[in-house]
Each structure stands twice: as structure tokens, then as C-alpha cells.
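Enquirer: Just so it is clear, I am handing over final_37.csv, which has CSV, C-alpha atoms.
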```
chain,number,residue,atom,x,y,z
B,245,MET,CA,11.0,-8.0,3.3
B,246,VAL,CA,7.7,-8.5,5.0
B,247,ILE,CA,8.8,-6.4,8.0
B,248,ALA,CA,10.0,-3.7,5.6
B,249,LEU,CA,6.6,-3.6,3.8
B,250,LEU,CA,4.8,-3.5,7.1
B,251,LEU,CA,6.9,-0.6,8.3
B,252,ALA,CA,6.3,1.2,5.0
B,253,ALA,CA,2.6,0.5,5.2
B,254,CYS,CA,2.3,2.7,8.3
B,255,SER,CA,1.4,5.8,6.3
B,256,THR,CA,-1.2,8.3,7.3
B,257,LEU,CA,-2.0,10.3,4.3
B,258,SER,CA,-5.5,9.1,3.5
B,259,THR,CA,-8.6,11.1,4.1
B,260,LEU,CA,-11.4,9.3,5.9
B,261,ASP,CA,-13.3,12.3,7.2
B,262,GLY,CA,-15.4,15.2,5.9
B,263,ALA,CA,-16.0,18.5,7.7
B,264,LYS,CA,-19.3,17.7,9.5
B,265,THR,CA,-18.5,17.0,13.1
B,266,LEU,CA,-20.4,14.6,15.2
B,267,ALA,CA,-22.9,15.9,17.8
B,268,PRO,CA,-21.9,15.6,21.4
B,269,GLY,CA,-22.2,12.0,22.5
B,270,GLN,CA,-22.5,10.8,18.9
B,271,ALA,CA,-19.9,8.2,17.8
B,272,SER,CA,-18.7,6.5,14.7
B,273,VAL,CA,-16.5,3.6,13.8
B,274,SER,CA,-14.9,3.1,10.4
B,275,ALA,CA,-12.2,1.2,8.6
B,276,GLY,CA,-10.3,2.4,5.6
B,277,LEU,CA,-8.3,0.4,3.1
B,278,SER,CA,-6.0,2.4,1.0
B,279,LEU,CA,-3.2,2.3,-1.5
B,280,GLN,CA,-0.5,4.8,-0.7
B,281,ALA,CA,2.7,5.7,-2.5
B,282,GLY,CA,5.7,8.0,-2.0
B,283,ASN,CA,5.3,8.6,1.7
B,284,ASN,CA,8.4,6.8,3.1
B,285,PRO,CA,11.7,5.5,1.9
B,286,VAL,CA,10.5,2.0,1.0
B,287,ALA,CA,7.6,3.5,-1.0
B,288,GLN,CA,10.0,5.4,-3.2
B,289,THR,CA,9.9,2.5,-5.5
B,290,GLY,CA,6.6,3.9,-6.9
B,291,LEU,CA,4.9,0.7,-5.9
B,292,PRO,CA,1.6,1.5,-4.1
B,293,ILE,CA,1.5,-0.1,-0.7
B,294,PRO,CA,-1.7,-1.1,1.1
B,295,GLN,CA,-2.6,0.4,4.4
B,296,LEU,CA,-5.4,-0.5,6.8
B,297,GLU,CA,-6.7,2.1,9.2
B,298,THR,CA,-9.4,2.0,11.9
B,299,LEU,CA,-11.0,5.2,13.1
B,300,VAL,CA,-13.2,5.9,16.1
B,301,ARG,CA,-14.7,9.4,16.4
B,302,VAL,CA,-16.7,10.8,19.3
B,303,GLY,CA,-18.4,14.2,19.5
B,304,ILE,CA,-17.3,16.0,22.7
B,305,ALA,CA,-18.9,19.4,22.3
B,306,PRO,CA,-21.0,21.3,19.8
B,307,ASP,CA,-19.0,21.4,16.5
B,308,VAL,CA,-16.0,19.6,18.1
B,309,ASP,CA,-15.1,15.9,17.9
B,310,VAL,CA,-12.1,13.8,18.4
B,311,GLY,CA,-10.8,10.8,16.5
B,312,PHE,CA,-8.6,7.9,17.5
B,313,ARG,CA,-6.8,6.0,14.7
B,314,LEU,CA,-5.1,2.6,14.6
B,315,TYR,CA,-2.8,2.0,11.7
B,316,LEU,CA,-0.7,-1.0,10.9
B,317,LEU,CA,2.0,-0.5,13.5
B,318,GLY,CA,0.9,3.0,14.3
B,319,VAL,CA,-1.5,5.1,16.3
B,320,GLY,CA,-2.9,8.6,15.9
B,321,SER,CA,-5.4,11.0,17.3
B,322,ASP,CA,-7.0,14.3,16.1
B,323,ILE,CA,-9.3,17.0,17.1
B,324,ARG,CA,-11.7,18.5,14.6
B,325,TYR,CA,-13.5,21.8,14.9
B,326,ARG,CA,-16.3,22.8,12.5
B,327,VAL,CA,-15.6,26.5,12.4
B,328,TRP,CA,-18.5,27.5,10.1
B,329,HIS,CA,-21.6,26.0,8.6
B,330,ALA,CA,-24.5,27.3,6.7
B,331,ASP,CA,-27.3,25.2,5.2
B,332,ASP,CA,-25.5,22.4,3.4
B,333,TRP,CA,-22.0,23.8,3.7
B,334,HIS,CA,-19.5,22.9,6.5
B,335,LEU,CA,-16.0,24.1,7.1
B,336,ALA,CA,-13.7,22.4,9.6
B,337,THR,CA,-10.1,22.4,10.6
B,338,GLY,CA,-8.1,20.8,13.4
B,339,LEU,CA,-4.9,19.2,14.4
B,340,GLY,CA,-3.9,15.5,14.2
B,341,VAL,CA,-0.9,13.7,15.7
B,342,SER,CA,0.3,10.2,14.6
B,343,THR,CA,3.2,8.1,15.4
B,344,LEU,CA,4.9,4.9,14.6
B,345,PRO,CA,7.0,4.5,17.8
B,346,LEU,CA,9.4,1.7,16.8
B,347,PRO,CA,13.1,2.2,17.8
B,348,GLY,CA,14.5,1.0,14.5
B,349,ALA,CA,12.5,3.2,12.2
B,350,GLY,CA,9.5,5.4,12.9
B,351,PHE,CA,8.1,8.8,12.9
B,352,VAL,CA,5.9,11.3,14.7
B,353,GLU,CA,3.9,13.8,12.7
B,354,ALA,CA,1.5,16.6,12.9
B,355,LYS,CA,-1.3,17.1,10.3
B,356,VAL,CA,-3.4,20.1,9.7
B,357,PRO,CA,-6.4,19.8,7.4
B,358,LEU,CA,-8.8,22.4,6.2
B,359,THR,CA,-11.9,20.8,4.8
B,360,LEU,CA,-15.0,22.1,3.1
B,361,GLN,CA,-18.0,19.8,2.8
B,362,ARG,CA,-21.1,20.2,0.8
B,363,ASP,CA,-24.2,18.0,1.5
B,364,LEU,CA,-25.6,17.3,-1.9
B,365,SER,CA,-28.5,15.4,-0.5
B,366,ARG,CA,-29.5,13.9,2.8
B,367,ARG,CA,-27.4,10.9,2.0
B,368,PHE,CA,-24.6,12.1,-0.2
B,369,SER,CA,-21.9,14.6,0.4
B,370,VAL,CA,-18.5,15.6,-1.1
B,371,SER,CA,-15.7,17.3,0.8
B,372,GLY,CA,-12.1,18.3,0.3
B,373,GLY,CA,-9.4,20.8,1.0
B,374,PRO,CA,-5.8,21.5,1.6
B,375,ARG,CA,-3.6,19.5,4.1
B,376,ALA,CA,-0.2,20.0,5.5
B,377,VAL,CA,1.8,17.3,7.2
B,378,LEU,CA,5.0,17.8,9.2
B,379,ARG,CA,6.8,14.5,9.9
B,380,ASP,CA,9.9,13.8,12.1
B,381,GLN,CA,11.2,10.5,10.9
B,382,TRP,CA,14.1,8.4,12.2
B,383,ASN,CA,15.9,5.4,10.8
B,384,ALA,CA,18.6,3.4,12.6
B,385,THR,CA,21.6,2.5,10.5
B,386,VAL,CA,24.9,0.9,11.2
B,387,GLY,CA,26.5,4.4,11.7
B,388,GLY,CA,23.8,5.6,14.0
B,389,THR,CA,20.3,7.0,13.9
B,390,ILE,CA,19.4,9.3,10.9
B,391,THR,CA,16.7,11.8,11.5
B,392,ARG,CA,14.8,13.7,8.8
B,393,LEU,CA,12.0,16.2,8.7
B,394,ASP,CA,9.6,15.6,5.9
B,395,THR,CA,6.9,17.9,4.8
B,396,PHE,CA,3.8,17.0,2.8
B,397,LEU,CA,1.8,19.9,1.2
B,398,GLY,CA,-1.3,19.0,-0.8
B,399,GLY,CA,-4.9,18.2,-0.6
B,400,GLY,CA,-7.5,15.5,-0.2
B,401,ALA,CA,-11.1,15.0,-1.3
B,402,ARG,CA,-13.8,12.5,-0.4
B,403,ALA,CA,-17.3,11.5,-1.5
B,404,GLU,CA,-19.5,9.9,1.1
B,405,LEU,CA,-22.8,8.0,1.0
B,406,VAL,CA,-24.8,7.5,4.2
B,407,VAL,CA,-27.5,4.8,4.3
B,408,HIS,CA,-29.2,4.9,7.7
B,409,THR,CA,-26.2,4.4,10.0
B,410,PHE,CA,-23.9,2.9,7.5
B,411,VAL,CA,-21.3,5.0,5.8
B,412,ILE,CA,-19.2,4.3,2.7
B,413,GLY,CA,-16.7,6.8,1.4
B,414,LEU,CA,-14.1,7.0,-1.4
B,415,GLY,CA,-11.2,9.5,-1.0
B,416,GLY,CA,-8.0,10.5,-2.6
B,417,ASP,CA,-5.1,12.6,-1.5
B,418,LEU,CA,-2.1,14.1,-3.4
B,419,TYR,CA,0.9,15.7,-1.7
B,420,ALA,CA,4.0,17.5,-2.9
B,421,ARG,CA,7.1,17.1,-0.8
B,422,PRO,CA,9.0,20.4,-0.9
B,423,SER,CA,11.6,19.4,1.6
B,424,ARG,CA,12.8,16.4,-0.4
B,425,HIS,CA,12.2,17.5,-4.0
B,426,ALA,CA,10.8,14.1,-4.5
B,427,LEU,CA,7.9,12.7,-6.6
B,428,PRO,CA,4.4,13.4,-5.2
B,429,ALA,CA,2.9,11.2,-2.6
B,430,TRP,CA,-0.6,10.0,-3.1
B,431,SER,CA,-3.3,7.8,-1.5
B,432,VAL,CA,-6.6,6.3,-2.7
B,433,ALA,CA,-8.8,5.1,0.1
B,434,LEU,CA,-12.1,3.2,0.5
B,435,GLY,CA,-13.8,3.5,3.8
B,436,ILE,CA,-16.8,1.8,5.4
B,437,GLY,CA,-18.2,2.4,8.8
B,438,TRP,CA,-21.1,2.9,11.2
B,439,ARG,CA,-22.2,6.2,12.5
B,440,GLY,CA,-24.6,6.4,15.4
B,441,LEU,CA,-27.6,8.7,15.4
B,442,SER,CA,-27.4,12.0,17.2
B,443,GLU,CA,-30.2,13.2,19.5
B,444,ALA,CA,-31.4,15.4,16.6
B,445,ASP,CA,-31.5,12.4,14.3
B,446,ARG,CA,-33.5,10.4,16.8
B,447,ARG,CA,-36.0,13.2,17.3
B,448,ALA,CA,-36.4,13.5,13.6
B,449,ARG,CA,-36.8,9.8,13.3
B,450,ASP,CA,-39.4,9.7,16.1
B,451,ALA,CA,-41.3,12.6,14.5
B,452,ARG,CA,-41.5,10.7,11.3
S,96,MET,CA,-24.1,32.0,9.4
S,97,PRO,CA,-21.3,34.6,10.0
S,98,LEU,CA,-17.8,33.2,10.3
S,99,THR,CA,-17.2,34.4,13.8
S,100,LEU,CA,-19.3,35.6,16.7
S,101,PRO,CA,-19.6,39.4,16.9
S,102,ASP,CA,-18.0,39.5,20.4
S,103,ALA,CA,-15.0,37.4,19.5
S,104,PRO,CA,-12.1,39.1,21.4
S,105,ALA,CA,-8.6,40.3,20.6
S,106,SER,CA,-5.8,38.4,22.2
S,107,ALA,CA,-2.2,38.6,23.2
S,108,GLY,CA,0.2,36.2,24.8
S,109,VAL,CA,3.4,34.2,24.8
S,110,GLY,CA,4.1,30.5,24.5
S,111,LEU,CA,6.6,27.8,23.9
S,112,GLU,CA,7.2,26.0,20.7
S,113,GLY,CA,9.4,23.6,18.7
S,114,LEU,CA,10.9,25.0,15.6
S,115,ALA,CA,12.6,23.0,12.8
S,116,VAL,CA,14.0,23.5,9.4
S,117,ALA,CA,12.9,20.9,6.9
S,118,THR,CA,15.8,19.3,5.1
S,119,SER,CA,16.5,16.0,3.4
S,120,ALA,CA,19.5,15.5,5.8
S,121,ARG,CA,19.9,15.4,9.5
S,122,HIS,CA,17.9,18.0,11.3
S,123,GLN,CA,17.2,19.3,14.8
S,124,VAL,CA,14.1,20.6,16.5
S,125,ASP,CA,14.9,23.7,18.5
S,126,PRO,CA,13.1,25.1,21.5
S,127,GLY,CA,11.7,28.5,21.2
S,128,VAL,CA,9.3,31.1,22.5
S,129,ARG,CA,6.8,33.2,20.5
S,130,ALA,CA,4.7,36.2,21.4
S,131,TRP,CA,1.6,37.3,19.5
S,132,VAL,CA,-0.9,40.2,19.5
S,133,SER,CA,-4.1,39.7,17.5
S,134,SER,CA,-6.9,42.1,16.8
S,135,ALA,CA,-10.6,41.0,17.3
S,136,PRO,CA,-11.8,39.1,14.2
S,137,ARG,CA,-14.7,40.7,12.3
S,138,PRO,CA,-14.0,38.1,10.7
S,139,TRP,CA,-10.9,39.7,9.2
S,140,ALA,CA,-8.1,40.4,11.6
S,141,VAL,CA,-4.4,41.2,11.8
S,142,THR,CA,-1.7,39.6,14.0
S,143,ALA,CA,1.8,40.5,14.9
S,144,GLU,CA,4.2,37.8,16.0
S,145,ALA,CA,7.8,37.7,17.3
S,146,GLY,CA,9.6,34.4,17.9
S,147,PHE,CA,13.0,33.5,19.3
S,148,SER,CA,14.7,30.1,19.2
S,149,TRP,CA,18.1,28.9,20.1
S,150,ARG,CA,20.3,26.0,19.2
S,151,THR,CA,23.5,24.9,20.9
S,152,ASP,CA,25.6,22.2,19.3
S,153,ALA,CA,28.5,21.2,21.5
S,154,ARG,CA,29.0,17.6,20.3
S,155,ALA,CA,32.0,18.5,18.2
S,156,ALA,CA,35.2,17.9,20.2
S,157,LEU,CA,36.9,21.1,19.4
S,158,TYR,CA,34.2,23.8,19.2
S,159,THR,CA,30.7,24.8,20.2
S,160,SER,CA,28.3,26.4,17.7
S,161,ARG,CA,25.3,28.4,18.7
S,162,THR,CA,22.5,29.7,16.5
S,163,PHE,CA,19.9,32.2,17.6
S,164,THR,CA,16.9,32.8,15.4
S,165,THR,CA,14.5,35.7,15.6
S,166,THR,CA,11.4,35.8,13.5
S,167,VAL,CA,9.0,38.7,13.2
S,168,ALA,CA,5.8,38.5,11.1
S,169,GLY,CA,2.7,40.4,10.3
S,170,LEU,CA,-0.3,38.3,9.3
S,171,ALA,CA,-3.6,39.2,7.6
S,172,GLU,CA,-6.1,36.7,8.9
S,173,VAL,CA,-9.5,35.3,8.4
S,174,ALA,CA,-11.0,33.9,11.6
S,175,ALA,CA,-13.9,31.5,12.1
S,176,GLY,CA,-15.6,29.9,15.0
S,177,PRO,CA,-19.2,29.6,16.2
S,178,HIS,CA,-18.1,29.2,19.8
S,179,ALA,CA,-15.6,30.6,22.2
S,180,VAL,CA,-12.7,29.0,20.4
S,181,VAL,CA,-11.7,30.8,17.2
S,182,ALA,CA,-9.6,29.4,14.4
S,183,ARG,CA,-7.3,32.0,12.8
S,184,LEU,CA,-5.7,31.3,9.4
S,185,GLY,CA,-3.2,34.0,8.5
S,186,VAL,CA,-0.6,34.7,5.9
S,187,GLY,CA,1.9,37.6,5.6
S,188,PRO,CA,5.4,38.8,5.3
S,189,ALA,CA,8.1,37.7,7.7
S,190,LEU,CA,11.7,38.5,8.4
S,191,VAL,CA,14.1,36.0,10.0
S,192,VAL,CA,17.3,37.2,11.6
S,193,GLN,CA,19.9,34.6,12.7
S,194,ARG,CA,23.0,35.1,14.7
S,195,ALA,CA,25.5,32.2,14.6
S,196,THR,CA,28.6,31.8,16.6
S,197,VAL,CA,31.4,29.2,16.6
S,198,ALA,CA,33.9,29.1,19.5
S,199,GLY,CA,36.6,26.7,20.7
S,200,GLY,CA,40.3,26.5,20.8
S,201,THR,CA,41.7,29.3,18.7
S,202,VAL,CA,38.5,29.6,16.6
S,203,GLU,CA,36.0,32.3,17.4
S,204,ALA,CA,33.7,33.5,14.7
S,205,ALA,CA,30.2,35.0,14.5
S,206,GLY,CA,27.9,36.2,11.8
S,207,TRP,CA,24.5,37.6,11.0
S,208,THR,CA,22.0,36.4,8.4
S,209,LEU,CA,19.0,38.4,7.3
S,210,ALA,CA,16.4,36.3,5.5
S,211,PRO,CA,13.1,37.8,4.2
S,212,GLY,CA,10.2,35.5,3.6
S,213,ALA,CA,6.6,34.8,4.3
S,214,ARG,CA,4.6,33.1,7.0
S,215,ALA,CA,1.4,31.0,7.1
S,216,ARG,CA,-0.1,30.0,10.4
S,217,LEU,CA,-3.2,28.3,11.7
S,218,ALA,CA,-4.0,29.1,15.4
S,219,PHE,CA,-6.8,28.3,17.7
S,220,ASP,CA,-7.6,31.0,20.3
S,221,GLY,CA,-9.7,30.1,23.3
S,222,PRO,CA,-10.5,31.1,26.9
S,223,VAL,CA,-9.1,29.5,30.0
S,224,PRO,CA,-12.2,28.2,31.9
S,225,TRP,CA,-12.9,30.1,35.1
S,226,LEU,CA,-9.9,32.4,34.6
S,227,ASP,CA,-11.3,35.3,32.5
S,228,PRO,CA,-9.7,37.1,30.8
S,229,ALA,CA,-7.0,34.5,30.4
S,230,GLY,CA,-6.7,32.8,27.1
S,231,TRP,CA,-4.7,30.1,25.3
S,232,GLN,CA,-3.5,29.5,21.8
S,233,VAL,CA,-2.3,26.5,19.9
S,234,ARG,CA,-0.7,27.0,16.6
S,235,VAL,CA,1.1,25.4,13.6
S,236,GLY,CA,3.0,27.6,11.2
S,237,ALA,CA,5.5,27.6,8.4
S,238,THR,CA,7.9,30.4,7.5
S,239,PRO,CA,9.4,29.9,4.0
S,240,ARG,CA,12.3,32.3,3.7
S,241,VAL,CA,15.6,32.7,1.9
S,242,GLY,CA,17.6,29.6,2.8
S,243,GLY,CA,14.9,27.3,3.8
S,244,THR,CA,11.5,26.8,5.5
S,245,ASP,CA,11.1,27.0,9.3
S,246,TRP,CA,8.2,24.9,10.7
S,247,ASP,CA,6.8,25.5,14.2
S,248,VAL,CA,4.3,23.9,16.5
S,249,GLY,CA,3.6,25.6,19.8
S,250,ALA,CA,1.1,26.6,22.5
S,251,GLY,CA,0.9,29.6,24.8
S,252,VAL,CA,-1.2,31.5,27.2
S,253,GLY,CA,-2.2,35.2,27.3
S,254,VAL,CA,-5.1,37.5,27.8
S,255,ARG,CA,-8.3,38.2,25.7
S,256,TRP,CA,-10.1,41.5,25.7
```
Output the structure of this file as C-alpha cells.

Expert:
Amino acid sequence: MVIALLLAACSTLSTLDGAKTLAPGQASVSAGLSLQAGNNPVAQTGLPIPQLETLVRVGIAPDVDVGFRLYLLGVGSDIRYRVWHADDWHLATGLGVSTLPLPGAGFVEAKVPLTLQRDLSRRFSVSGGPRAVLRDQWNATVGGTITRLDTFLGGGARAELVVHTFVIGLGGDLYARPSRHALPAWSVALGIGWRGLSEADRRARDAR
Amino acid sequence: MPLTLPDAPASAGVGLEGLAVATSARHQVDPGVRAWVSSAPRPWAVTAEAGFSWRTDARAALYTSRTFTTTVAGLAEVAAGPHAVVARLGVGPALVVQRATVAGGTVEAAGWTLAPGARARLAFDGPVPWLDPAGWQVRVGATPRVGGTDWDVGAGVGVRW
């Protein structure tokens, strides 16, 4: 039972990011605790299952950063590209890949988010947008391995408060599953983390 | 700030992909190729795509089945990108043509299926460093059509001008 719950906990539907990419060389580390439901066979019971996720992001070029995620029994990575920004508005998209590579039951999935972020103040921002997840899932049974292609189409939103280099965010996600005609999947996540200062931040701090 | 740089180029190319039909039962990811031609984004653009994938199932003892899927689509796009890499989000009509054959023993049958639908696709176009005018594209797309939804993830190379 414990193993089954751990396997079920490896879900990847929560939103821990906005659309504002990190500057080159800037890094962040965060952890998210979420409740997720409806994203795998065990979670069909409707009982929300906890998930713990650790995320490290690094800016690699102007408007581009990459993330590395560690889930309970799973790993993932994504690249994010801020394709547009003006004043307090940011628009980003990208591509993420995650996997739970166990032989008995697991999956590999691709996730495409489109996120619009609005900075409401220097410290507070809100973001959200549509997401699509394509998941190739396998389960070993007595009769052999059963494979299934799941799709999740929905959206996520997040509110974020930044105090100096500390970040706290609250997010929610809701997905329909058109390939399974099943109940929606959802996630509510609380994230906390640290975000390093960029060169521009340091210059602004020094100027003050 | 404008969505795309004024000199963002048009592009064309061909690439490999994996294509799958989402079902609640057993499925298979098929190999495929897809070619594209995209106009320069201002920031609106249009793209024409043609894809071909194949599936051979010879696991049955008595027969072999083959399915060949051809997809053509025209996409109206909005493109964005402050740098050399441009993200193109497009939607438009699609037509899927499938040819299926079954052969083995005394059985030999074939048929055609014509399935109209739509296509939505997000692609990233970028230059290949030091190989101007070569370019690359990474894309994720979905083609809901009569009989199911095809999902594809692929990458390719081409030219930009």
C-alpha cells in the first residue's frame, strides 16, 4: 500500500513557475508541496495524494532558463523561453520532460505550458495560462505490460510573493483528460524557495 | 515591445517525429517524418505542414498489418521571440489520410480512410550556429480528427531566409 501510494505520488501537474525567466547566471532553488488528484490509476479514488517536488532553475541566456526537478521517485527537466515582455507583463512558453523510470509502473511525459505573468508590484505577481501534457504510461501486470497514452489539457495559475531573495508561491492546476473520458485532474501547490540576485538586481541594490 | 523581431526569417525544413494516437487502451508510438514551410512572422504568419508516419504490426502469427498515415495541415500562427529563436503557436485545418493493409495466408485486404480535423502546434524555430542559413525546429502538436487525436513530438532541420 505504501509503495502504491509512493508510485501514485509521482505526479507532475503542479505549477511552481511564472513566466519571468532568470537572468543569465541567476539561479533559484525551491520546493513545492502539493495535493494532486486524478492523475494516475491509484489517484482515481478521488483521494488527493501529496507530492513533494524540488526545483532548481538556472538562467542560461537572455530570456531563457532551464529547470531540473526531483519528484518522489521521479525526475524532470524543462526549458523556458520568455517570448515577450513589456513593462510588468511577461509571456513565456517552453517544453518539459519528466519520467518515473521504474520497470513495474512508470511514465515519460512531455509538458507544454504557455504562461502570462503580471507583476502587480515589485514583490507580488500573478501568472497563469494553458498547459498540455502528453504522458506515455506503462503498468506491468500478470498478462504482460499494459501501455497507455494519457493526455491532460487544462491550465494553471500561481500567485507569488518575493521578499528579498525568498519566494513563496501558491498555485493551482486543473486538467481535463480527453483521452480517458475521466474526471478532471487537479493540483494545489504551496512552494517556497530562494532566488539569487541577478546582476541588474545587484546594481540596483548597490545604487540604493 | 513587439512580439517578434522585424527581421525574423521564414523557414522550411524536414524532421523526424514520434506520432501517437491517444486512447485508453494499448497504444503505439510510430516513427514519422514531417516537412514544413513557414512565412516570416510579422508577428502573424502561416505554415504549411505535411507529415507521414508508418506502423507495421507483425506480431500476430498469421498476418501482418501496416498502417500509413499522411497528414497535411495549414496553420495560422502568431509568433513571438525577442531573440533569434522564435516560438510559433499555430492552429488550422488538417486532413489525415490513412492507408491500412492486412496480409497473410489467404487474407489480403486494404483500405483508405479520410479524416478531416484540425491541428494545433507549438514550434520553436532557431538558427544553427555558424551554419547560416541553416535552421532547426522543435515542435509539439495535436491533430484532433474524425476517429481520434494524433499527438506528435518532433525535431528537424532546414533553412531560414

Enquirer: Which distance in Å separates CA of Gly212 (chain S) and CA of Pro188 (chain S), to one decimal?

Expert: 6.1 Å

Enquirer: Considering all atoms listed in the file, state which residue in the set S:Met96, S:Val109, S:Ala213, S:Ala229 is at the smallest distance from chain B.

Expert: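 Nearest candidate to chain B out of S:Met96, S:Val109, S:Ala213, S:Ala229: S:Met96.
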
Enquirer: Residues at most 10 Å from Asp307 (chain B), counting all atoms listed in the file, excluding those fewer than 4 positions away in the same chain, as a PyMOL selection string?

Expert: (chain B and resi 263-268+303+324-329+336) or (chain S and resi 176-178)

Enquirer: Of the residues B:Leu434, B:Leu427, B:Ala448, B:Val341, which is the one nearest to Leu277 (chain B), using only C-alpha atoms?

Expert: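 Checking each of B:Leu434, B:Leu427, B:Ala448, B:Val341 against Leu277 (chain B), counting only C-alpha atoms, the winner is B:Leu434.
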
Enquirer: Between CA of Arg313 (chain B) and CA of Pro292 (chain B), measure the distance and give it in Å to one decimal.

Expert: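 Computing the Euclidean distance for CA of Arg313 (chain B) and CA of Pro292 (chain B) yields 21.1 Å.
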
Enquirer: Write out, as a tab-separated table, each residue of chain B that has an atom at most 10 Å from chain S, together with the closest pair of atoms and their distance in Å to one decimal, counting all atoms listed in the file, rows going by chain and rising number.

Expert:
```
residue	atom	partner	partner_atom	distance
B:Pro306	CA	S:His178	CA	8.4
B:Asp307	CA	S:Pro177	CA	8.2
B:Val308	CA	S:His178	CA	10.0
B:Tyr325	CA	S:Gly176	CA	8.4
B:Arg326	CA	S:Gly176	CA	7.6
B:Val327	CA	S:Gly176	CA	4.3
B:Trp328	CA	S:Leu98	CA	5.7
B:His329	CA	S:Met96	CA	6.5
B:Ala330	CA	S:Met96	CA	5.4
B:Asp331	CA	S:Met96	CA	8.6
B:Leu335	CA	S:Ala175	CA	9.2
B:Ala336	CA	S:Ala182	CA	9.4
B:Thr337	CA	S:Ala182	CA	8.0
B:Gly338	CA	S:Phe219	CA	8.7
B:Leu339	CA	S:Val235	CA	8.7
B:Ala354	CA	S:Val248	CA	8.6
B:Lys355	CA	S:Val235	CA	9.2
B:Val356	CA	S:Val235	CA	8.0
B:Leu358	CA	S:Leu217	CA	9.8
B:Ala376	CA	S:Val235	CA	9.8
B:Leu378	CA	S:Trp246	CA	7.9
B:Arg379	CA	S:Ala117	CA	9.3
B:Asp380	CA	S:His122	CA	9.1
B:Trp382	CA	S:Arg121	CA	9.5
B:Thr389	CA	S:Arg121	CA	9.5
B:Ile390	CA	S:Arg121	CA	6.3
B:Thr391	CA	S:Arg121	CA	5.2
B:Arg392	CA	S:Arg121	CA	5.4
B:Leu393	CA	S:Ala117	CA	5.1
B:Asp394	CA	S:Ala117	CA	6.3
B:Thr395	CA	S:Ala117	CA	7.0
B:Pro422	CA	S:Ala117	CA	8.7
B:Ser423	CA	S:Thr118	CA	5.5
B:Arg424	CA	S:Ser119	CA	5.3
B:His425	CA	S:Ser119	CA	8.7
B:Ala426	CA	S:Ser119	CA	9.9
```

Enquirer: Have a look at CA of Ala420 (chain B) and CA of Thr385 (chain B) and let me know their distance in Å, one decimal.

Expert: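 If I compute the distance from CA of Ala420 (chain B) to CA of Thr385 (chain B), I get 26.7 Å.
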
Enquirer: Got a sec: who's within 9 Å of Leu418 (chain B), counting only C-alpha atoms, leaving out chain neighbours fewer than 4 positions off, as a PyMOL selection string?

Expert: chain B and resi 257+397-400+428-431

Enquirer: With distances taken over only C-alpha atoms, which of B:Asp322, B:Asp450, B:Asp417, B:Asp332 is nearest to Glu353 (chain B)?

Expert: B:Asp322

Enquirer: Might you pull out every residue within 7 Å of Ala105 (chain S), with all atoms listed in the file counted and same-chain residues fewer than 3 positions away left off, and present them as a list in words?

Expert: Ser133, Ser134, Ala135, Arg255 and Trp256 of chain S

Enquirer: If we count all atoms listed in the file and set the cut-off at 8 Å, which residues sit around region 158-161 of chain S, ignoring sequence neighbours fewer than 6 positions away in its own chain? Please answer as a CSV table (one decimal) with C-alpha atoms, keeping the file's coordinate frame.

Expert:
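The resulting file, around.csv, is reproduced below:
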```
chain,number,residue,atom,x,y,z
S,149,TRP,CA,18.1,28.9,20.1
S,150,ARG,CA,20.3,26.0,19.2
S,151,THR,CA,23.5,24.9,20.9
S,152,ASP,CA,25.6,22.2,19.3
S,195,ALA,CA,25.5,32.2,14.6
S,196,THR,CA,28.6,31.8,16.6
S,197,VAL,CA,31.4,29.2,16.6
S,198,ALA,CA,33.9,29.1,19.5
S,199,GLY,CA,36.6,26.7,20.7
S,200,GLY,CA,40.3,26.5,20.8
S,202,VAL,CA,38.5,29.6,16.6
```

Enquirer: Set the distance at 7 Å and use all atoms listed in the file: which residues neighbour Gly416 (chain B) once local chain neighbours fewer than 4 positions away are removed? I'd like the list as a ChimeraX atom specification.

Expert: /B:258-259,400-402,431-433

Enquirer: Please produce a file of those selected residues containing C-alpha atoms, as an mmCIF file, keeping the file's coordinate frame.

Expert:
```cif
data_model
loop_
_atom_site.group_PDB
_atom_site.id
_atom_site.type_symbol
_atom_site.label_atom_id
_atom_site.label_comp_id
_atom_site.auth_asym_id
_atom_site.auth_seq_id
_atom_site.Cartn_x
_atom_site.Cartn_y
_atom_site.Cartn_z
ATOM 1 C CA SER B 258 -5.500 9.100 3.500
ATOM 2 C CA THR B 259 -8.600 11.100 4.100
ATOM 3 C CA GLY B 400 -7.500 15.500 -0.200
ATOM 4 C CA ALA B 401 -11.100 15.000 -1.300
ATOM 5 C CA ARG B 402 -13.800 12.500 -0.400
ATOM 6 C CA SER B 431 -3.300 7.800 -1.500
ATOM 7 C CA VAL B 432 -6.600 6.300 -2.700
ATOM 8 C CA ALA B 433 -8.800 5.100 0.100
#
```
